[in-house]
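**Student:** Sharing protein-v5.cif below, mmCIF, C-alpha atoms:
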```
data_protein
#
loop_
_atom_site.label_atom_id
_atom_site.label_comp_id
_atom_site.auth_asym_id
_atom_site.auth_seq_id
_atom_site.Cartn_x
_atom_site.Cartn_y
_atom_site.Cartn_z
CA MET A 16 39.57 -46.47 -104.57
CA ILE A 17 38.41 -42.99 -103.64
CA ALA A 18 34.72 -42.44 -104.27
CA ALA A 19 33.35 -39.57 -106.32
CA GLY A 20 30.63 -37.14 -105.34
CA VAL A 21 29.13 -33.78 -106.23
CA GLY A 22 29.44 -30.45 -104.46
CA PHE A 23 31.16 -27.12 -104.75
CA ILE A 24 34.13 -25.18 -103.44
CA VAL A 25 33.87 -21.58 -102.34
CA ASP A 26 36.71 -19.51 -103.80
CA LEU A 27 37.00 -16.61 -101.35
CA SER A 28 39.90 -15.01 -103.19
CA GLN A 29 37.64 -14.30 -106.18
CA GLY A 30 34.44 -13.82 -104.21
CA ALA A 31 32.73 -16.39 -106.42
CA ARG A 32 31.44 -19.92 -106.22
CA ARG A 33 33.22 -22.49 -108.37
CA VAL A 34 31.13 -25.57 -109.13
CA SER A 35 32.78 -28.97 -109.33
CA THR A 36 31.10 -32.13 -110.56
CA ASP A 37 34.11 -34.31 -109.95
CA TRP A 38 35.41 -34.82 -106.42
CA ASN A 39 38.38 -36.93 -107.56
CA LYS A 40 40.50 -33.94 -108.53
CA GLU A 41 40.31 -32.56 -105.00
CA GLN A 42 40.54 -35.95 -103.32
CA ARG A 43 43.71 -37.07 -105.09
CA VAL A 44 45.61 -34.50 -103.06
CA CYS A 45 44.62 -36.41 -99.93
CA ALA A 46 45.81 -39.71 -101.34
CA ARG A 47 49.42 -38.56 -101.42
CA GLY A 48 51.60 -39.46 -98.47
CA ARG A 49 50.53 -42.02 -95.88
CA GLY A 50 47.27 -42.97 -97.52
CA THR A 51 45.00 -45.85 -96.58
CA GLY A 52 43.01 -45.96 -99.80
CA ARG A 53 39.92 -44.87 -97.86
CA GLU A 54 40.53 -41.14 -97.50
CA LYS A 55 37.81 -38.74 -98.49
CA VAL A 56 37.47 -34.99 -98.36
CA VAL A 57 33.99 -33.51 -98.48
CA VAL A 58 33.61 -29.87 -99.41
CA GLY A 59 30.83 -28.21 -97.41
CA ASP A 60 28.34 -25.76 -98.85
CA GLN A 61 28.58 -22.01 -98.70
CA GLY A 62 27.43 -20.34 -95.50
CA ARG A 63 27.84 -16.95 -93.84
CA ASN A 64 29.71 -15.63 -90.82
CA SER A 65 26.37 -15.11 -89.10
CA ARG A 66 23.69 -17.12 -87.33
CA THR A 67 21.53 -19.19 -89.66
CA LYS A 68 17.92 -19.08 -88.49
CA GLY A 69 14.70 -20.71 -89.56
CA LYS A 70 12.58 -23.75 -88.92
CA ARG A 71 13.53 -25.34 -92.25
CA ALA A 72 17.25 -25.48 -91.41
CA ARG A 73 16.63 -27.00 -87.99
CA LYS A 74 14.16 -29.52 -89.41
CA THR A 75 16.60 -30.56 -92.15
CA MET A 76 19.38 -31.14 -89.63
CA ALA A 77 17.18 -33.00 -87.18
CA ASN A 78 15.90 -35.33 -89.90
CA ALA A 79 19.47 -36.21 -90.86
CA GLY A 80 20.45 -37.06 -87.31
CA ARG A 81 17.32 -38.99 -86.42
CA ASP A 82 17.16 -41.27 -89.47
CA LEU A 83 17.73 -44.64 -87.83
CA LYS A 84 18.74 -46.17 -91.17
CA LEU A 85 21.93 -44.10 -91.16
CA LEU A 86 25.16 -45.55 -89.80
CA LEU A 87 26.57 -42.83 -87.57
CA PRO A 88 30.20 -42.08 -86.63
CA ARG A 89 31.52 -43.22 -83.27
CA VAL A 90 33.42 -39.95 -82.83
CA VAL A 91 32.62 -36.48 -84.22
CA VAL A 92 35.46 -33.94 -84.05
CA PHE A 93 35.23 -30.18 -84.54
CA ASP A 94 37.71 -27.38 -84.94
CA LEU A 95 36.77 -24.25 -82.95
CA ASP A 96 37.90 -20.97 -84.58
CA GLY A 97 36.07 -20.36 -87.84
CA THR A 98 34.25 -23.68 -87.64
CA LEU A 99 32.02 -23.47 -84.55
CA TRP A 100 32.47 -19.79 -83.68
CA TYR A 101 33.73 -16.44 -84.92
CA PRO A 102 35.97 -14.47 -84.64
CA GLU A 103 39.15 -16.41 -84.07
CA MET A 104 40.89 -15.86 -80.73
CA TYR A 105 43.85 -14.01 -82.26
CA GLN A 106 41.43 -11.43 -83.66
CA LEU A 107 40.21 -10.39 -80.20
CA TYR A 108 41.84 -7.32 -78.65
CA GLY A 109 40.00 -7.49 -75.33
CA GLY A 110 39.98 -11.14 -74.41
CA SER A 111 39.18 -12.43 -70.94
CA PRO A 112 37.08 -11.98 -68.91
CA PHE A 113 34.08 -12.83 -71.09
CA ARG A 114 30.45 -12.28 -70.18
CA VAL A 115 27.25 -13.69 -71.59
CA GLY A 116 26.00 -11.53 -74.47
CA LYS A 117 22.50 -10.17 -75.00
CA LYS A 118 22.05 -12.30 -78.11
CA PRO A 119 21.58 -16.09 -77.80
CA GLY A 120 24.68 -18.12 -78.61
CA ALA A 121 27.14 -15.30 -77.97
CA VAL A 122 29.55 -13.95 -75.37
CA VAL A 123 31.30 -10.60 -75.17
CA ASP A 124 34.94 -9.93 -74.28
CA ARG A 125 36.15 -7.18 -71.95
CA ASN A 126 36.25 -4.68 -74.85
CA GLY A 127 32.70 -5.47 -75.87
CA GLU A 128 33.57 -7.57 -78.92
CA GLU A 129 31.16 -10.42 -79.56
CA VAL A 130 32.13 -14.08 -80.05
CA TYR A 131 29.23 -16.00 -81.55
CA LEU A 132 28.38 -19.48 -82.78
CA LEU A 133 28.51 -19.77 -86.56
CA GLY A 134 25.65 -20.91 -88.76
CA ASN A 135 23.86 -23.89 -87.22
CA SER A 136 26.64 -24.77 -84.77
CA LYS A 137 24.31 -24.37 -81.81
CA ASP A 138 21.72 -26.69 -83.35
CA VAL A 139 24.33 -29.30 -84.28
CA LEU A 140 25.73 -29.36 -80.73
CA HIS A 141 22.22 -29.51 -79.29
CA GLU A 142 21.43 -32.50 -81.53
CA LEU A 143 24.57 -34.35 -80.48
CA HIS A 144 23.99 -33.74 -76.78
CA HIS A 145 20.25 -34.40 -76.51
CA HIS A 146 19.10 -36.96 -79.06
CA GLU A 147 19.02 -40.63 -78.27
CA GLN A 148 20.66 -42.06 -81.36
CA TRP A 149 23.85 -40.07 -80.68
CA LYS A 150 24.28 -41.58 -77.21
CA GLU A 151 27.03 -43.96 -78.42
CA THR A 152 28.91 -41.15 -80.19
CA GLU A 153 31.69 -39.21 -78.48
CA VAL A 154 32.20 -35.56 -79.38
CA ALA A 155 35.65 -33.95 -79.43
CA ILE A 156 37.54 -30.74 -80.17
CA ALA A 157 40.74 -30.53 -82.23
CA SER A 158 41.93 -26.93 -82.07
CA ARG A 159 45.20 -25.04 -82.18
CA THR A 160 43.65 -21.73 -81.17
CA ASP A 161 46.08 -19.09 -79.96
CA GLU A 162 44.36 -18.68 -76.58
CA PRO A 163 43.30 -22.04 -75.10
CA ARG A 164 42.28 -20.46 -71.78
CA TRP A 165 40.00 -17.98 -73.54
CA ALA A 166 38.48 -20.82 -75.54
CA ASP A 167 37.82 -22.79 -72.35
CA GLU A 168 36.16 -19.79 -70.69
CA ILE A 169 33.98 -19.14 -73.74
CA MET A 170 32.83 -22.77 -73.86
CA ARG A 171 31.86 -22.58 -70.19
CA LYS A 172 29.70 -19.50 -70.84
CA LEU A 173 28.12 -20.24 -74.25
CA GLU A 174 24.72 -21.84 -73.75
CA ILE A 175 23.56 -24.27 -76.44
CA SER A 176 20.24 -25.07 -74.74
CA PRO A 177 18.67 -24.00 -71.44
CA GLY A 178 21.08 -24.91 -68.66
CA ILE A 179 23.53 -26.70 -71.00
CA MET A 180 26.81 -25.02 -71.77
CA MET A 181 28.91 -25.71 -74.85
CA LYS A 182 31.67 -27.37 -72.82
CA GLN A 183 29.28 -30.03 -71.54
CA VAL A 184 28.83 -31.41 -75.07
CA PHE A 185 32.46 -32.51 -75.47
CA HIS A 186 33.98 -35.72 -74.16
CA HIS A 187 37.51 -34.92 -75.30
CA GLU A 188 39.41 -31.67 -75.88
CA GLU A 189 42.72 -31.39 -77.72
CA ILE A 190 43.42 -27.65 -77.67
CA TYR A 191 47.06 -26.73 -78.25
CA TYR A 192 49.36 -25.62 -81.04
CA GLY A 193 50.41 -28.32 -83.47
CA SER A 194 49.23 -30.53 -86.29
CA LYS A 195 45.62 -31.64 -86.45
CA THR A 196 46.90 -35.14 -87.10
CA LYS A 197 48.44 -35.01 -83.60
CA HIS A 198 45.09 -33.95 -82.16
CA LEU A 199 43.26 -36.77 -83.96
CA SER A 200 45.92 -39.28 -82.94
CA GLU A 201 45.38 -38.38 -79.28
CA ILE A 202 41.61 -38.64 -79.67
CA GLN A 203 42.02 -42.05 -81.31
CA LYS A 204 44.16 -43.26 -78.39
CA LYS A 205 41.70 -42.00 -75.79
CA THR A 206 38.58 -43.39 -77.47
CA GLY A 207 39.96 -46.57 -79.01
CA VAL A 208 37.85 -45.83 -82.08
CA THR A 209 39.38 -46.39 -85.51
CA TYR A 210 39.94 -43.38 -87.75
CA GLU A 211 37.45 -44.78 -90.25
CA GLN A 212 34.71 -44.44 -87.62
CA MET A 213 35.40 -40.72 -87.08
CA MET A 214 34.09 -37.58 -88.74
CA PHE A 215 36.02 -34.27 -88.69
CA PHE A 216 34.99 -30.69 -89.52
CA ASP A 217 37.37 -27.80 -90.17
CA ASN A 218 37.33 -24.47 -92.03
CA GLU A 219 40.92 -24.83 -93.32
CA MET A 220 41.52 -27.12 -96.29
CA GLY A 221 45.09 -27.89 -95.22
CA ASN A 222 43.82 -29.37 -91.95
CA VAL A 223 41.12 -31.32 -93.77
CA ARG A 224 43.66 -32.82 -96.17
CA ASP A 225 46.04 -33.78 -93.36
CA VAL A 226 43.36 -35.51 -91.31
CA ALA A 227 41.85 -37.24 -94.37
CA ARG A 228 45.18 -39.03 -94.89
CA LEU A 229 44.55 -40.85 -91.61
CA GLY A 230 41.35 -42.33 -93.03
CA VAL A 231 39.00 -39.94 -91.21
CA HIS A 232 35.89 -38.75 -93.05
CA SER A 233 36.93 -35.09 -93.23
CA VAL A 234 34.62 -32.23 -94.13
CA TYR A 235 35.67 -28.76 -95.32
CA VAL A 236 33.34 -26.06 -93.96
CA PRO A 237 34.89 -22.73 -95.05
CA HIS A 238 32.08 -20.69 -93.50
CA GLY A 239 31.38 -22.79 -90.43
CA MET A 240 28.71 -25.37 -89.66
CA THR A 241 25.41 -25.21 -91.53
CA ALA A 242 22.43 -27.54 -91.47
CA SER A 243 22.98 -28.65 -95.05
CA ASN A 244 26.68 -29.52 -94.75
CA TRP A 245 25.97 -31.37 -91.50
CA GLU A 246 23.20 -33.38 -93.17
CA ARG A 247 25.33 -34.16 -96.19
CA ALA A 248 28.30 -35.21 -94.04
CA ILE A 249 26.16 -37.71 -92.13
CA SER A 250 24.70 -39.14 -95.33
CA GLU A 251 28.13 -39.43 -96.99
CA PHE A 252 29.63 -41.08 -93.91
CA SER A 253 26.77 -43.56 -93.67
CA ALA A 254 27.04 -44.46 -97.35
CA LYS A 255 30.72 -45.33 -96.89
CA GLN A 256 29.91 -47.82 -94.15
CA LYS A 257 27.43 -49.86 -96.18
#
```
Would you give me this structure, written as structure tokens?
**Tutor:**
Amino acid sequence: MIAAGVGFIVDLSQGARRVSTDWNKEQRVCARGRGTGREKVVVGDQGRNSRTKGKRARKTMANAGRDLKLLLPRVVVFDLDGTLWYPEMYQLYGGSPFRVGKKPGAVVDRNGEEVYLLGNSKDVLHELHHHEQWKETEVAIASRTDEPRWADEIMRKLEISPGIMMKQVFHHEEIYYGSKTKHLSEIQKKTGVTYEQMMFFDNEMGNVRDVARLGVHSVYVPHGMTASNWERAISEFSAKQK
């Protein structure tokens, strides 16, 4: 049986927020096809295509990750374009080579266009890399970005904490064109972790639905990673395990 929850969906086509008090309507879509009976789609909260700052956001996120009563995923998987950073690679006219930008958490392409980490992406990656209770969790990328070599270069140059580059956070990278279910299947083979012990974030609902059918706790973040949708995802995942 698919559990119910409360949240909201951002309807970008109308520029408005549509509130839903019943998750089941959205989740039934994920139950079609090769379902396991344990699929769940979580709709993240509204964010902005900009950096989210402030002590309160960082404190909220840190408290979620450090609560030892929570049962944490064995693998956390992120999409890249539109989930961790913006703009998407196909939107760049300059491309490689990239250089470190003047602003923290950003690089600049050869035409001067900035690629920056969305919302609280930097804080989330810092949490996963540095804090003790995440030491048993593997972090992965599932991306079909148009320019894998650009993505690799950006990850090598984006600093998420002093001396630590974005690429150092990830244990596995599946970056190539194709279905996200293929990416997750490869990650499952490499880690040996069951789908039910994974958590996945993506800004495209179609990808979230596809991956949810595998049994992965899948989270829709239409405006990228924020402290509040990260906290809620951890809490929802933990509740499923109890």
**Student:** Measuring between all atoms listed in the file, which one of A:Phe216, A:Tyr192, A:Tyr131, A:Phe113 shows the shortest distance to Glu168 of chain A?
**Tutor:**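 Under the stated criterion, the closest residue is A:Phe113.
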**Student:** Counting all atoms listed in the file, which residue out of A:Arg89, A:Lys205, A:His144, A:Lys195 sits closest to Thr160 of chain A?
**Tutor:** A:Lys195
**Student:** Using all atoms listed in the file, find the one residue out of A:His232, A:His141, A:Lys257, A:His146 that sits nearest to Val184 of chain A.
**Tutor:**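 Closest to Val184 of chain A, using all atoms listed in the file: A:His141.
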**Student:** State, in Å with one decimal place, the distance from atom CA of Ser250 of chain A to atom CA of Leu85 of chain A.
**Tutor:**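 Calculated distance between atom CA of Ser250 of chain A and atom CA of Leu85 of chain A is 7.0 Å.
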**Student:** What is the distance between atom CA of Gly110 of chain A and atom CA of Lys182 of chain A, in Å to one decimal?
**Tutor:** 18.3 Å
**Student:** In Å, how far is it from atom CA of Asn218 of chain A to atom CA of Glu103 of chain A?
**Tutor:** 11.5 Å
**Student:** Within 6 Å of Ser233 of chain A, counting all atoms listed in the file, which residues show up once you throw out same-chain ones fewer than 5 positions away? Write them as a list in words, please.
**Tutor:**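 Close residues of Ser233 of chain A: Val56, Met214, Phe215, Val223 and Ala227 of chain A.
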**Student:** For the residues in the current selection, export C-alpha atoms as a PDB file, in the coordinates of the input.
**Tutor:**
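Output saved as result_18.pdb:
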```
ATOM      1  CA  VAL A  56      37.470 -34.990 -98.360  1.00  0.00           C
ATOM      2  CA  MET A 214      34.090 -37.580 -88.740  1.00  0.00           C
ATOM      3  CA  PHE A 215      36.020 -34.270 -88.690  1.00  0.00           C
ATOM      4  CA  VAL A 223      41.120 -31.320 -93.770  1.00  0.00           C
ATOM      5  CA  ALA A 227      41.850 -37.240 -94.370  1.00  0.00           C
TER       6      ALA A 227
END
```
**Student:** Please expand the PyMOL selection byres ((chain A and resi 187) around 7) into the concrete residues it hits in this file, giving the result as a ChimeraX atom specification.
**Tutor:** /A:154-156,185-186,188-189
**Student:** Specify as a PyMOL selection string each residue included when the PyMOL selection byres ((chain A and resi 226) around 10) is applied to this file.
**Tutor:** chain A and resi 45+54-56+194-200+210+214-217+220-225+227-234
**Student:** So that I can check the surroundings of segment 174-176 of chain A, please list as a PyMOL selection string every protein, DNA and RNA residue that reaches within 10 Å of it, counting only C-alpha atoms and ignoring chain neighbours fewer than 5 positions away.
**Tutor:** chain A and resi 115+119-122+132+136-142+144-145+169+181-184
**Student:** Is there a way to get, as a list of chain:residue names, all residues within 6 Å of the point (33.6, -12.6, -81.4) in file coordinates, counting all atoms listed in the file?
**Tutor:** A:Tyr101, A:Pro102, A:Glu128, A:Glu129, A:Val130, A:Tyr131
**Student:** Given the choices A:Gln148, A:Thr98, A:Ser111, A:Asn135, which gets closest to Glu219 of chain A if the distance is worked out from all atoms listed in the file?
**Tutor:**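 Nearest candidate to Glu219 of chain A out of A:Gln148, A:Thr98, A:Ser111, A:Asn135: A:Thr98.
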**Student:** With all atoms listed in the file as the basis for distance, which of A:Leu87, A:Leu143, A:Ile202, A:Leu107 is at the shortest distance from Gly127 of chain A?
**Tutor:**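 Counting all atoms listed in the file, the residue closest to Gly127 of chain A is A:Leu107.
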**Student:** Which residue gives the smallest distance to Glu201 of chain A among A:Ala157, A:Met104, A:Leu86, A:Leu173, with all atoms listed in the file counted?
**Tutor:**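 The answer is A:Ala157, which sits nearest to Glu201 of chain A.
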